[in-house]
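Colleague: My structure is in start.txt, and what it holds is compact mmCIF, C-alpha atoms and all ligand atoms:
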```
# COMPACT_ATOMS: atom_id res chain seq x y z
CA MET A 1 0.00 0.00 0.00
CA GLY A 2 2.82 2.38 0.99
CA LYS A 3 4.54 1.60 -2.26
CA VAL A 4 1.47 2.66 -4.27
CA VAL A 5 1.38 5.98 -2.41
CA VAL A 6 5.05 6.63 -3.09
CA SER A 7 4.80 5.78 -6.79
CA SER A 8 1.88 8.18 -7.20
CA MET A 9 4.03 11.00 -5.80
CA THR A 10 5.86 13.48 -7.94
CA GLU A 11 9.65 13.35 -7.90
CA GLU A 12 9.71 16.49 -5.79
CA GLN A 13 7.35 14.97 -3.21
CA GLN A 14 9.45 11.82 -3.06
CA SER A 15 12.60 13.80 -2.52
CA THR A 16 10.89 15.83 0.25
CA LEU A 17 9.85 12.58 1.90
CA HIS A 18 13.41 11.28 1.65
CA CYS A 19 14.77 14.48 3.22
CA GLU A 20 12.22 14.23 6.04
CA ARG A 21 13.31 10.66 6.77
CA VAL A 22 16.99 11.64 6.78
CA ARG A 23 16.24 14.62 9.03
CA CYS A 24 14.28 12.35 11.34
CA VAL A 25 17.26 10.00 11.75
CA HIS A 26 19.59 12.97 12.34
CA THR A 27 17.43 14.86 14.82
CA SER A 28 16.84 11.79 16.94
CA MET A 29 20.58 11.78 17.72
CA ARG A 30 22.37 14.25 19.93
CA PRO A 31 24.66 16.51 17.84
CA ASP A 32 27.80 14.95 19.38
CA GLN A 33 26.59 11.39 18.65
CA PHE A 34 25.71 12.41 15.12
CA LEU A 35 29.16 13.93 14.63
CA VAL A 36 30.89 10.73 15.83
CA VAL A 37 28.94 8.76 13.21
CA ALA A 38 29.75 11.31 10.50
CA VAL A 39 33.49 11.47 11.31
CA ALA A 40 33.72 7.65 11.48
CA LYS A 41 32.07 7.49 8.06
CA TYR A 42 34.53 10.06 6.74
CA LEU A 43 37.47 7.96 8.02
CA ARG A 44 36.05 4.80 6.43
CA GLN A 45 36.58 6.18 2.94
CA GLU A 46 38.63 4.05 0.58
CA LYS A 47 41.62 6.43 0.70
CA PHE A 48 42.06 5.84 4.44
CA LYS A 49 41.64 2.07 4.23
CA ALA A 50 45.26 1.31 5.12
CA LEU A 51 45.11 3.66 8.11
CA PHE A 52 41.86 2.85 9.90
CA ASP A 53 39.90 -0.34 10.32
CA LYS A 54 36.24 -0.09 11.34
CA GLU A 55 36.90 -0.10 15.08
CA GLU A 56 39.76 2.38 14.88
CA SER A 57 37.69 4.80 12.82
CA SER A 58 34.95 4.75 15.48
CA ARG A 59 37.40 5.19 18.33
CA THR A 60 39.17 8.07 16.59
CA ALA A 61 35.84 9.73 15.76
CA GLY A 62 34.82 9.45 19.42
CA ARG A 63 38.08 11.01 20.59
CA PHE A 64 37.80 13.79 18.00
CA VAL A 65 34.33 14.82 19.20
CA LYS A 66 35.40 14.62 22.85
CA MET A 67 38.33 16.87 21.99
CA LEU A 68 35.99 19.46 20.45
CA ASP A 69 33.87 19.40 23.61
CA GLU A 70 36.98 19.99 25.69
CA TRP A 71 38.20 22.78 23.40
CA PHE A 72 34.87 24.62 23.56
CA ALA A 73 34.15 24.01 27.26
CA GLY A 74 34.19 27.77 27.90
CA ALA A 75 31.12 28.34 25.71
CA SER A 76 28.82 27.29 28.56
CA LYS A 77 30.75 29.01 31.38
CA ASP A 78 30.50 32.51 32.86
CA ALA A 79 33.87 34.20 32.28
CA SER A 80 33.21 36.87 34.92
CA ALA A 81 32.85 34.24 37.68
CA PRO A 82 36.60 34.00 38.55
CA LEU A 83 36.72 37.81 38.93
CA ASN A 84 33.84 37.87 41.41
CA VAL A 85 35.76 35.93 44.03
CA GLY A 86 38.38 37.40 46.30
CA PHE A 87 38.13 41.11 45.62
CA GLU A 88 40.59 42.95 47.78
CA GLU A 89 40.74 46.51 49.05
CA LYS A 90 42.35 48.99 46.78
CA VAL A 91 45.94 49.45 47.85
CA TYR A 92 47.47 50.56 44.59
CA ASP A 93 46.49 52.91 41.78
CA GLU A 94 49.29 52.49 39.28
CA MET A 95 49.19 50.24 36.24
CA VAL A 96 49.30 46.51 37.03
CA VAL A 97 50.80 44.47 34.19
CA LEU A 98 50.51 40.72 33.71
CA ALA A 99 52.93 39.83 30.93
CA ASP A 100 53.39 37.03 28.41
CA VAL A 101 50.78 34.55 29.60
CA GLU A 102 50.10 31.57 27.32
CA PHE A 103 46.70 30.98 25.77
CA THR A 104 45.04 28.78 23.16
CA SER A 105 41.77 29.51 21.41
CA TYR A 106 39.96 28.21 18.29
CA CYS A 107 39.19 29.99 15.05
CA ALA A 108 35.49 30.21 14.31
CA HIS A 109 36.06 29.83 10.56
CA HIS A 110 37.95 26.51 10.61
CA LEU A 111 37.66 25.32 14.24
CA ALA A 112 41.47 25.17 14.17
CA PRO A 113 43.53 26.17 17.24
CA PHE A 114 45.45 29.43 17.46
CA SER A 115 47.83 29.95 20.33
CA GLY A 116 50.35 32.40 21.68
CA THR A 117 50.75 34.85 24.53
CA TYR A 118 49.01 37.93 25.84
CA THR A 119 49.91 40.86 28.07
CA PHE A 120 47.08 42.31 30.13
CA ALA A 121 47.16 45.49 32.20
CA TYR A 122 44.72 47.52 34.26
CA ILE A 123 44.59 50.53 36.53
CA PRO A 124 42.68 49.74 39.75
CA LYS A 125 39.90 52.07 40.90
CA ASP A 126 38.10 50.66 43.93
CA THR A 127 39.42 47.13 43.99
CA ILE A 128 42.34 45.03 42.89
CA VAL A 129 42.04 41.40 41.85
CA GLY A 130 44.25 38.43 42.56
CA LEU A 131 46.51 38.14 39.52
CA SER A 132 45.66 34.47 38.94
CA LYS A 133 42.01 35.48 38.37
CA ILE A 134 42.90 37.11 35.05
CA PRO A 135 44.29 33.94 33.38
CA ARG A 136 41.25 32.07 34.73
CA MET A 137 38.92 34.54 33.02
CA VAL A 138 40.96 34.35 29.78
CA GLU A 139 40.92 30.54 29.91
CA ILE A 140 37.11 30.50 29.86
CA LEU A 141 36.86 33.14 27.13
CA ALA A 142 39.52 31.39 25.01
CA ALA A 143 37.75 28.00 25.16
CA ARG A 144 35.24 29.02 22.50
CA PRO A 145 35.22 29.14 18.70
CA GLN A 146 35.87 32.78 17.74
CA VAL A 147 38.19 35.21 15.99
CA GLN A 148 41.18 36.65 17.85
CA GLU A 149 39.82 40.21 17.58
CA ARG A 150 36.65 39.16 19.39
CA LEU A 151 38.60 37.32 22.09
CA SER A 152 40.67 40.46 22.82
CA GLN A 153 37.49 42.56 23.01
CA ALA A 154 35.76 40.01 25.25
CA ILE A 155 38.71 40.04 27.69
CA VAL A 156 38.67 43.81 28.23
CA GLN A 157 34.86 44.03 28.24
CA THR A 158 34.43 41.23 30.79
CA PHE A 159 37.12 42.72 33.04
CA GLN A 160 35.90 46.30 32.67
CA GLN A 161 32.25 45.41 33.40
CA THR A 162 33.01 43.10 36.33
CA VAL A 163 35.92 44.76 38.15
CA LYS A 164 35.15 48.35 37.01
CA PRO A 165 38.78 49.53 37.02
CA GLY A 166 39.96 52.91 35.71
CA GLY A 167 40.76 51.07 32.50
CA CYS A 168 42.35 47.95 31.06
CA GLY A 169 44.00 46.67 27.93
CA VAL A 170 45.25 43.50 26.32
CA ILE A 171 47.70 42.73 23.51
CA MET A 172 47.57 39.22 22.07
CA ASP A 173 50.05 37.54 19.72
CA ALA A 174 49.09 34.21 18.20
CA VAL A 175 50.00 31.72 15.52
CA HIS A 176 46.91 30.41 13.70
CA THR A 177 47.05 26.79 12.57
CA CYS A 178 44.44 27.52 9.90
CA MET A 179 46.99 29.86 8.34
CA CYS A 180 50.18 27.80 8.81
CA THR A 181 48.85 24.28 8.09
CA ARG A 182 46.47 25.04 5.21
CA GLY A 183 45.64 27.78 2.70
CA VAL A 184 48.67 30.07 2.44
CA ARG A 185 50.71 27.73 4.74
CA LYS A 186 52.79 30.50 6.25
CA ARG A 187 53.68 30.88 9.89
CA GLY A 188 53.27 34.42 11.22
CA ASN A 189 52.21 36.26 14.31
CA THR A 190 48.77 37.86 14.43
CA ARG A 191 48.59 40.73 16.91
CA THR A 192 45.36 42.19 18.25
CA THR A 193 44.87 44.93 20.82
CA ALA A 194 41.79 45.90 22.82
CA LEU A 195 41.51 48.83 25.23
CA ALA A 196 38.83 50.10 27.61
CA GLY A 197 38.35 53.05 29.98
CA VAL A 198 41.38 55.34 30.43
CA PHE A 199 43.48 53.02 28.26
CA LYS A 200 41.25 54.03 25.38
CA LYS A 201 40.55 57.66 26.30
CA ASP A 202 43.93 58.83 27.61
CA PRO A 203 46.82 58.81 25.11
CA ALA A 204 49.40 58.92 27.94
CA THR A 205 47.98 55.77 29.59
CA ARG A 206 47.77 54.03 26.24
CA ALA A 207 51.41 54.97 25.53
CA GLU A 208 52.48 53.74 29.00
CA PHE A 209 50.78 50.38 28.32
CA LEU A 210 52.30 49.95 24.88
CA ALA A 211 55.73 50.96 26.25
CA ALA A 212 55.38 48.42 29.07
CA VAL A 213 54.58 45.71 26.56
CA GLY A 214 57.53 46.75 24.38
CA SER A 215 59.98 46.76 27.29
CA LEU A 216 58.88 43.28 28.35
CA ARG A 217 59.78 41.71 25.02
ZN ZN B 1 40.66 30.01 10.57
```
Show me the file's structure as structure tokens.
Modeller:
Amino acid sequence: MGKVVVSSMTEEQQSTLHCERVRCVHTSMRPDQFLVVAVAKYLRQEKFKALFDKEESSRTAGRFVKMLDEWFAGASKDASAPLNVGFEEKVYDEMVVLADVEFTSYCAHHLAPFSGTYTFAYIPKDTIVGLSKIPRMVEILAARPQVQERLSQAIVQTFQQTVKPGGCGVIMDAVHTCMCTRGVRKRGNTRTTALAGVFKKDPATRAEFLAAVGSLR
């Protein structure tokens, strides 16, 4: 009976029905489960035959998806949370500089890692923060797919809104694997800067920050 119905359908209707069935299979799986199946299928192509047997392709696909989940763990976390603990009294009103801290983030265009170092500075107003809180904030913000420009902006915005200092700034240098392992295949440093508060408004503060970064290199 079903067969009769299908054969009386136009080609377009049949193709819609097919798409609905495929969508049904896909949506019944969690996105991570679906991705494991898709990656395993990708690895089972003829060209990889000598490299993966059926079991290995499934295990590798499982690890790959777990790795993505670990990379992007910051997407579901509140980056301001580390800054909300342990505020101390203001005891200092000169620029505080945290230099050359390592970070790794992931490009939103290719989901490929980019990593390097950043230098962050701020001028306290009412409170100072424990210096280890800043890398904790950056760690959460970096564990998301994004572009480096947006990461730099997110760092100063999160800090400025949460700690409310006189101002803050960050300079980030990173090597992007999507640039050095594919496409143009050239290794180079990408530098982004983001400034907020007096770092943005006051040329002398901005100059002091940039000089501090220069002298630390
Ligand atoms: Zn990229």
Colleague: Any residue with an atom at most 12 Å from ligand ZN 1 (chain B) counts, using all atoms listed in the file. Which are they? Put them as number ranges by chain.
Modeller: A: 105-114, 145-148, 175-185, 190
Colleague: One number please: CA of Tyr122 in chain A to CA of Asp78 in chain A, in Å, one decimal.
Modeller: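 Interatomic distance here is 20.7 Å.
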Colleague: Return as JSON the box centre and box size in Å, one decimal, for an axis-aligned box around all listed atoms of range 90-102 of chain A padded by 3 Å per side.
Modeller:
```
{"center_x": 47.9, "center_y": 42.2, "center_z": 37.6, "size_x": 17.0, "size_y": 27.3, "size_z": 26.5}
```
Colleague: Considering all atoms listed in the file, return as a list of chain:residue names whatever protein or nucleic-acid residues lie within 7 Å of Phe120 in chain A, sequence-local ones (same chain, fewer than 5 positions apart) excluded.
Modeller: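 Once the adjacent positions are removed, what remains is A:Val97, A:Leu98, A:Ala99, A:Gly169, A:Val170, A:Ile171.
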Colleague: Skipping near chain neighbours, those fewer than 5 positions away, what residues fall within 7 Å of range 152-160 of chain A using all atoms listed in the file, listed as a PyMOL selection string?
Modeller: chain A and resi 80+138+165+167-170+192-196
Colleague: Which distance in Å separates CA of Gly214 in chain A and CA of Asp173 in chain A, to one decimal?
Modeller: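 The value is 12.7 Å.
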Colleague: From the options A:Gln14, A:Ser115, A:Thr60, A:Ser28, which residue's atoms come nearest to Ala174 in chain A, counting only C-alpha atoms?
Modeller: A:Ser115
Colleague: Considering only C-alpha atoms, state which residue in the set A:Asn189, A:Arg144, A:His18, A:Ala81 is at the smallest distance from Leu68 in chain A.
Modeller: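 So, comparing all the options, the nearest one is A:Arg144.
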Colleague: What is the distance, in Å and to one decimal place, between CA of Gly116 in chain A and CA of Met137 in chain A?
Modeller: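 We find that CA of Gly116 in chain A and CA of Met137 in chain A lie 16.2 Å from each other.
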Colleague: Hey, which of A:Phe72, A:Phe64, A:Tyr92, A:Phe34 ends up closest to Ile123 in chain A? Count only C-alpha atoms.
Modeller: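 Once distances to Ile123 in chain A are computed over only C-alpha atoms, the minimum belongs to A:Tyr92.
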